[in-house]
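Colleague: Here it is, the structure in full.
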Amino acid sequence: MALDPLAVTADLTARGVTTGSISVALAVASAAVRDAAGCAISEETSTVVVNAGRGNLLELPAPITAVTSVLVDGYALDADDYEVLPNGLWRHCGWGNLWDSRSFAPVPVTVTFTHGLSVVPADLVDLTCQLAIAWLNHAASGGGSTAGLTSARIDDAAETYSAEYAGQVSPVFIPDATRNWLERRFGSGVAVVETL
């Protein structure tokens, strides 16, 4: 199931953008933000498989709003066997092997749950719009690598170019500081393997 973009056409129109492949730009920008966050951000129901160790907290994409089922090594847990927290599931006896307390090997835990935000916050809508605008501007200028002339001097006619490897094919680039902020905000170390 494809997720809706994190911003809509009206968000770009409010920023003065009315032309270009707006739906493509929003889809590309939304995918980049979601990739940096490590989760969908928008509310969705997913199934994830986590190789859990003996710790008590099983971290999941946040925020968690409902849990449908939890399987530990293929065996279903009752809802009173764990506590639902905003960023994961807490289990007093830990998530390790249920039958051999001496085993320290991780076990697969499969969780089907609803997570994400029902309304995308304004700062993430703005980030998505800024990336979409960069993509639209880049596409309008012909696309291609962003490497090229970085400075020019008139007297003595000097020009400086960036290295080709430093350029990108798409301007939809999220710097490490923003990636770290998104990862901290949404706290995901788990890959969604199936979306219902």
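In the structure tokens, the first chain shown is A, the next is B, and so on; residue numbers restart at 1 for each chain, and ligands run from 1 in the order shown.
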I'd like the neighbourhood of Phe113 of chain A as a ChimeraX atom specification, where a residue qualifies if any of its atoms comes within 6 Å (using only C-alpha atoms), though same-chain residues fewer than 5 positions away should be ignored.

Modeller: /A:45-46,66-68

Colleague: Which neighbours of Thr110 of chain A fall inside 9 Å, counting only C-alpha atoms, when residues of the same chain fewer than 4 positions from it are skipped, and could you give them as a list in words?

Modeller: Thr47, Val48, Val49, Val50, Asn51, Ser69, Val70, Leu71, Val72, Asp73 and Gly74 of chain A

Colleague: How far is it from atom CA of Thr65 of chain A to atom CA of Pro5 of chain A, in Å with one decimal?

Modeller: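 Calculated distance between atom CA of Thr65 of chain A and atom CA of Pro5 of chain A is 20.6 Å.
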
Colleague: With distances taken over only C-alpha atoms, which of A:Ala7, A:Arg91, A:Val17, A:Tyr82 is nearest to Asp123 of chain A?

Modeller: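 Using only C-alpha atoms, the shortest distance to Asp123 of chain A belongs to A:Ala7.
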
Colleague: Give me the residues within 9 Å of segment 133-135 of chain A as a PyMOL selection string, counting only C-alpha atoms and dropping any in the same chain fewer than 6 places off.

Modeller: chain A and resi 12+17+22+25-26+28-29+143+170-172

Colleague: Could you turn the residues from that selection into a file that holds N, CA, C and O atoms, as a compact mmCIF listing (two decimals), in the first residue's frame?

Modeller:
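Below is the file selection07.txt, written as the result:
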```txt
# COMPACT_ATOMS: atom_id res chain seq x y z
N LEU A 12 2.22 23.34 -1.08
CA LEU A 12 3.13 23.99 -2.02
C LEU A 12 2.51 25.25 -2.61
O LEU A 12 3.19 26.26 -2.80
N VAL A 17 4.13 27.87 -5.12
CA VAL A 17 4.47 26.91 -6.17
C VAL A 17 3.19 26.38 -6.80
O VAL A 17 2.35 25.80 -6.12
N ILE A 22 4.22 18.52 -9.46
CA ILE A 22 4.07 18.68 -8.02
C ILE A 22 3.87 17.34 -7.31
O ILE A 22 4.49 17.07 -6.29
N ALA A 25 7.17 15.53 -7.17
CA ALA A 25 8.07 16.21 -6.23
C ALA A 25 7.69 15.89 -4.78
O ALA A 25 8.57 15.61 -3.96
N LEU A 26 6.41 15.89 -4.46
CA LEU A 26 5.97 15.58 -3.10
C LEU A 26 6.24 14.12 -2.75
O LEU A 26 6.63 13.81 -1.62
N VAL A 28 8.68 12.20 -4.03
CA VAL A 28 10.13 12.06 -3.87
C VAL A 28 10.57 12.64 -2.52
O VAL A 28 11.34 12.02 -1.78
N ALA A 29 10.10 13.83 -2.20
CA ALA A 29 10.47 14.48 -0.95
C ALA A 29 9.97 13.69 0.26
O ALA A 29 10.70 13.51 1.24
N GLY A 143 17.70 19.34 -14.75
CA GLY A 143 18.13 18.17 -14.00
C GLY A 143 19.61 17.91 -14.13
O GLY A 143 20.39 18.78 -14.49
N SER A 170 20.18 14.26 -7.69
CA SER A 170 18.93 14.86 -7.20
C SER A 170 19.24 15.84 -6.08
O SER A 170 20.08 15.56 -5.22
N PRO A 171 18.56 16.95 -6.04
CA PRO A 171 18.78 17.91 -4.96
C PRO A 171 18.05 17.53 -3.67
O PRO A 171 18.14 18.23 -2.68
N VAL A 172 17.33 16.43 -3.68
CA VAL A 172 16.60 15.99 -2.49
C VAL A 172 17.61 15.28 -1.59
O VAL A 172 17.76 14.07 -1.60
```

Colleague: Which parts of segment 11-87 of chain A does DSSP call alpha helix (DSSP H) when run on the backbone here, written out as a PyMOL selection string?

Modeller: chain A and resi 11-13+22-37

Colleague: Could you check the closest approach to Leu117 of chain A for each of A:Ala132, A:Val8, A:Ala62, A:Ala36 and tell me which residue wins, using only C-alpha atoms?

Modeller: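 Answer, going by the shortest atom-to-atom distance: A:Ala62.
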